[in-house]
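Accompanying notes for the structure given below.
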Amino acid sequence: MGFEIKSIIDQIEKEKKIKRKEIIEVLKEALLKAAEKSLGKNREFEIYYDDETGNLEIIEKKVVVKEVKVPEKEISIEEAKKYVSDVKEGDILELRVDKKQLGRIGAYAARDLLINKLGKVEADTIYNEYTKKLWQIVEGKVKKVDKDGNVIVDLSGVEGLLKADELIPKEKFRPNDEVKALVISVTKDEKKSLVRVLLSRTHPEFVRRLFEKQVTEIADGKVEIKGIAREPGVRTKIAVYSSDPDIDPVGACVGMKGARVQTIVQELRGEKIDIIPWSPDPQKFVARALSPAHISRVTVYEDEKMMEVVVPDDQHSLAIGKKGHNVRLAKKLTGWEKIQIRSESEIEKMKKEAYEKFGKLPGVGQKTAEFIFSSGYNSILEIAKASVEDLIKIPGITRKEAEEIIKAAKEMIESESQKSGEEKT
């Protein structure tokens with residue numbers, strides 16, 4: 001019986017990942033409750049377990065007295081001497097209880113309590129373990145894929161849930177497939193003693209952790225990931241930086257002959273990865289973030305919190321990307337919500353049209369028109385909305401000229417509006 005209990009403890013410890021000491025305490029508590037339920041709550045019991053031999057004993061304690069008044073807690077000297085010859089009044093006598101006395105009710109009570117308590121201890125153990133793994137990558141095997149496409153992952157005895165919308169688009173898993181995923185949430189249901197481990201393969205942090213595992217310079221802190229923007233299954237942009245001038249952060253991430261980044265690309269099912277050097281200069285950073293497109297120039301409009309990016313005509317579609325992926329990721333990576341992509345021919349056309357209209361304003365010649373356009377004003381409407389203080393910042397424009405220019409711009413807008421109304425009539 002002793003070795004049987006020990007083997008059960010061994011098995012629970014191995015399968016449930018519960019500390020041996022906790023299993024023994026739960027076992028003792030279950031037997032104590034069973035003894036109280038079967039033999040009486042008012043009696044004093046204590047459970048002893050020897051982990052070397054596997055011997056488990058239920059001991060009842062009674063006080064030795066001359067005259068018994070409380071039978072559940074006391075024993076007479078005459079009765080006590082049957083067990084210990086030199087016992088005296090006031091001693092505590094320990095009597096071994098035959099486990100068979102627990103009966104069927106006690107056995108069931110012990111079993112139910114043991115299952116319930118071990119379930120809670122196991123849940124606590126799993127919860128504590130996986131809370132430490134939050135936002136880290138774990139590896140497991142696919143246990144099953146349900147009808148909704150959700151993947152149940154066996155994480156060495158713990159179930160993880162990889163929902164269908166946390167899978168990289170078009171990737172499929174089958175039972176027993178190896179899978180890596182990011183732990184994004186760990187919750188515990190106290191009533192049911194269940195732990196829910198939610199996983200993801202689409203979260204940007206999944207890419208970060210893959211790079212940390214693959215690139216020693218990132219793991220060592222010599223290369224820092226400044227930002228990640230991702231559209232799962234399509235493209236990821238990652239900005240990297242190193243304060244060490246001897247380290248090329250991009251080269252470190254790419255690896256010899258692209259070995260490091262290719263390993264990550266394979267894990268991401270062919271997802272494209274743009275690795276760019278981070279820059280504190282927002283114009284440089286945005287230009288780099290729009291790679292693989294080549295950028296002609298970047299203009300910042302602080303008031304509008306916008307950047308205008310000019311690219312060669314043959315780079316325009318590349319800068320925007322298929323379905324806008326490239327520019328959208330550049331916005332996420334840099335934090336600039338407004339990035340206007342224009343081709344050089346588009347700028348030239350806008351410039352020509354603007355010069356023609358600006359030339360109709362009082363005191364505005366070719367040179368002044370160029371200054372107005374290069375200051376970010378692309379239309380008469382923008383000039384009409386400008387303040388005098390804004391316009392006098394433009395070289396060659398005085399306060400009086402600014403007032404006249406704004407007045408004339410407003411009149412032109414009003415005139416065009418009237419013409420438009422007449423045409424509709």
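Going by the structure tokens order, chains are called A, B, ..., each with residues numbered from 1, while ligands are numbered from 1 in the order shown.
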Exercise for review: Mind checking which residues fall within 9 Å of segment 82-88 of chain A, counting only C-alpha atoms, ignoring those fewer than 5 positions away in the same chain, and posting them as a ChimeraX atom specification?
Suggested key: /A:64-65,77,93,95
Atoms to include: C-alpha atoms. Write the selected residues as a compact mmCIF listing (two decimals), in the first residue's frame.
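The resulting file, again-v7.txt, is reproduced below:
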```
# COMPACT_ATOMS: atom_id res chain seq x y z
CA VAL A 64 -5.26 10.42 29.24
CA VAL A 65 -7.66 11.10 32.14
CA ILE A 77 -5.73 5.52 32.24
CA LEU A 93 -1.86 9.17 23.53
CA LEU A 95 -3.56 5.73 18.45
```
Review point. Could you write out, as a PyMOL selection string, all the residues of segment 281-387 of chain A that DSSP marks as strand (DSSP E or B)?
Key: chain A and resi 297-301+306-311+338-343
Would you save the residues from that selection as a compact mmCIF listing (two decimals), in the first residue's frame, using C-alpha atoms?
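Listed below is the output, out38.txt:
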```txt
# COMPACT_ATOMS: atom_id res chain seq x y z
CA ARG A 297 12.59 64.09 -50.99
CA VAL A 298 10.44 64.45 -47.87
CA THR A 299 8.81 67.69 -46.73
CA VAL A 300 7.39 68.10 -43.23
CA TYR A 301 4.32 70.26 -42.65
CA MET A 306 1.84 65.72 -42.32
CA MET A 307 4.72 64.58 -44.47
CA GLU A 308 4.74 64.93 -48.22
CA VAL A 309 6.93 62.30 -49.85
CA VAL A 310 7.99 62.79 -53.45
CA VAL A 311 9.12 59.74 -55.41
CA LYS A 338 -0.48 61.58 -42.56
CA ILE A 339 2.03 60.61 -45.25
CA GLN A 340 1.14 61.92 -48.69
CA ILE A 341 2.90 60.08 -51.54
CA ARG A 342 3.29 62.10 -54.74
CA SER A 343 5.15 61.33 -57.96
```
**Study point:** Spatial neighbours of Glu337 of chain A, 12 Å, only C-alpha atoms, chain gap at least 6 places, as a PyMOL selection string
**Key:** chain A and resi 286+304-308+327-331
**Study point:** Pick from A:Ala80, A:Ile23, A:Ile406, A:Leu134, whichever lies nearest to Gln11 of chain A using only C-alpha atoms
**Key:**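 The closest residue to Gln11 of chain A is A:Ile23.
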**Study point:** All residues 9 Å or closer to Lys141 of chain A, only C-alpha atoms, same chain fewer than 4 positions away omitted, as a list in words
**Key:**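 Here the qualifying residues turn out to be Ile152, Val153, Asp154, Leu155, Ser156, Pro175, Asn176, Asp177, Glu178, Val179 and Lys180 of chain A.
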Point to revise | Pro169 of chain A surroundings by only C-alpha atoms, 12 Å radius, close-in-sequence under 5 positions cut, as a PyMOL selection string | key: chain A and resi 149+163-164+201-202+231-235+268-271
Practice item. Determine which residues of segment 149-359 of chain A receive a DSSP assignment of alpha helix (DSSP H), computed from the backbone, and state them as a PyMOL selection string. Key: chain A and resi 204-214+216-219+249-254+259-267+282-289+316-320+325-334+344-358
Practice item. Extract, using only C-alpha atoms, all DNA, RNA and protein residues at most 12 Å from Tyr241 of chain A, discarding same-chain residues fewer than 2 positions from it, and format them as a ChimeraX atom specification. Key: /A:217-218,221-227,238-239,243-253,275-280,285
Review point. Gly160 of chain A: which residues within 9 Å, counting only C-alpha atoms, same-chain residues fewer than 6 positions away excluded, as JSON, numbers by chain?
Key: {"A": [140, 151, 152, 153, 154, 183, 196, 197, 198, 199]}
Exercise for review: In Å, rounded to a single decimal, give me how far atom CA of Asn128 of chain A is from atom CA of Ser7 of chain A.
Suggested key: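 That distance, rounded to one decimal, is 25.9 Å.
Minimum atom-to-atom distance to Glu25 of chain A, evaluated using only C-alpha atoms, belongs to A:Leu114 out of A:Leu114, A:Glu52, A:Asp10, A:Val70.
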Check your understanding: Expressed in Å to a single decimal, how great is the separation between atom CA of Gln101 of chain A and atom CA of Phe45 of chain A?
Key ->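 A separation of 13.3 Å between them.
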